[in-house]
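Chemist: Structure provided below as structure tokens; questions to follow.
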Amino acid sequence: SFAYFTIKDRLPQILTRVIDTLHRHKNEFFEDHGEKGVEAEKRAISFLSKLRNELQTDKPVTPLEDGLPDVALWNQYLDYQQNLSNGNGEPSWFQSPWLFVECYMYRRIHAAIAQNPPIDNFDVFKEGKAQNFFESQGAIVALCTYFQELLKNIEELDEKQLQDELFKLLQVSLWGNKCDLSFSAGEDSSQKSSPLQSLENLIPYILVNDMEKLWSLLINAKKSNREKSNVRVDLILDNAGFELLSDLVLADFLLKSNLADEVHFHGKSIPWYVSDTTKHDFNWTIKKLQSANHMWMSRCGINWEGNLKKGVWVYRDHMFWTLPHEFSRMAEVAPDLYTDLQKSNLLLFKGDLNYRKLTGDRKWEYSVPFHQALNKFHPAPLCSLRTLKSDTQVGLKPGQGEQIQASEPEWMTSGKYGVVQFDAAL
């Protein structure tokens, strides 16, 4: 399966890159912290080398003992996996659900650093995320320019024109999801060309396109909420770099077009899946835009800082997003987060990992309804914007998946196809 090749090839490659990154920063650790920094770097590398060996030799997945806040939840989940194996020994790297061991690896990478002060705040993936941002400069300039020009006459747009612009920016945010470093094991995945030019040509590759449903939800909320409470949209983020920028543009468009009154962003509380957005990445991106020597980039950065100060943009992270649980367990494992999401008018889930967690990462029949695969996860109306990079897909028309499979065996993992898949809450 695709999962097998991920565990066999891609995860060891990622670990090797992490070890290499620590090696390369040895002098910096020495300059900042003296011998203590070098000692910490050696301990972290030794921890990670051991981890790589455990993975490659299919050792049992061991309980966490690092005393971090989420340890009890992880170890409960490990117990749950052990019970599932019906006494067939402990779950090992190749004899466990893919989603679980992949999340587990990233959690162990975090432990390797977090347990080794004074380098315990070092993000081993930070360089790759920054590089993706800088290598996508052309696309970022094009998008910021387009957006700032759009804002000049956004007041004059009629409903049809607003809808067209929303659909455009949803698609930019959807295809921005291709910029995924965990998928390319850290190889270049930046956005080189203008993200707006190819949208027309990419429409046939959107296998489920529920943009009309999103539009009617937002426009109805806008009309019925004039007097009452705020319209709130939540963006559950995926990758930093160009994808994050495309999400920020979409979020600002929702505010400026009055389709939303506030946008809440949800990022990861620890470095995750190579390129996932943390609070540091979020703030760093806005600062970088502010200081850019390009008028429209810096205008975006200044306005977005303003959105945060005014409280119309809110950034949050929660431990639950970096646990191995599928989202149908959220109400039970993280009731505070579930209750918060219930206050939203629309949840936009970005990317492949969120899709896997929404659908329980199972080998569904392609035509199983999205609503059924969500397994009672319905805090609010939700939509997944995802380019396909793993072999889980639901909600297709009968025969649609089989037809593509016949001509393109790799269609589910190539990142060529996408979905904008909506489900109204019950």
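Numbering starts fresh at 1 for the residues of each chain in the structure tokens, the chains themselves are lettered A, B, ... in the order given, and ligands are numbered from 1 as they appear.
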For the structure I just gave you, how does DSSP split range 89-284 of chain A - specifically, which residues are helix (DSSP H, G or I)? Reply as a ChimeraX atom specification.

Modeler: /A:98-114,126-135,137-152,154-156,159-176,199-205,211-224,242-256,279-284

Chemist: Can you list, as a list of chain:residue names, every protein, DNA or RNA residue that comes within 10 Å of Trp74 in chain A when you count only C-alpha atoms, leaving out same-chain residues fewer than 4 positions away?

Modeler: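 Selected residues are A:Pro63, A:Leu64, A:Pro69, A:Asp70, A:Leu78, A:Asp79, A:Tyr80, A:Tyr104, A:Arg107, A:Leu323, A:Pro324, A:His325.
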
Chemist: Can you tell me, as a ChimeraX atom specification, what residues are no more than 8 Å from range 257-268 of chain A when counting only C-alpha atoms, ignoring any on the same chain fewer than 2 positions away?

Modeler: /A:154-155,162,218-219,221-222,230-238,251,253-255,270-272,276-279,311-319,321-322

Chemist: Between CA of Met412 in chain A and CA of Phe2 in chain A, what is the distance in Å, rounded to a tenth?

Modeler: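 Interatomic distance here is 9.5 Å.
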
Chemist: Distance table requested - range 30-110 of chain A against range 182-195 of chain A, cut-off 12 Å, only C-alpha atoms: one row per qualifying residue with the closest atom pair and its distance in Å to one decimal, ordered by chain and rising residue number, as JSON lines.

Modeler:
```
{"residue": "A:Glu102", "atom": "CA", "partner": "A:Ser182", "partner_atom": "CA", "distance": 10.5}
{"residue": "A:Cys103", "atom": "CA", "partner": "A:Ser182", "partner_atom": "CA", "distance": 11.7}
{"residue": "A:Tyr106", "atom": "CA", "partner": "A:Ser182", "partner_atom": "CA", "distance": 10.5}
```

Chemist: Please compute the CA of Asp9 in chain A-CA of Gln56 in chain A distance, one decimal, in Å.

Modeler: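 If I compute the distance from CA of Asp9 in chain A to CA of Gln56 in chain A, I get 9.1 Å.
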
Chemist: Leaving out Met211 in chain A and any residue of its chain fewer than 5 positions from it, which residues lie within 9 Å of it when counting only C-alpha atoms, given as a list in words?

Modeler: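 Listed by chain and then number, they are Leu166, Phe167, Leu170, Ser216, Val420, Gln421 and Phe422 of chain A.
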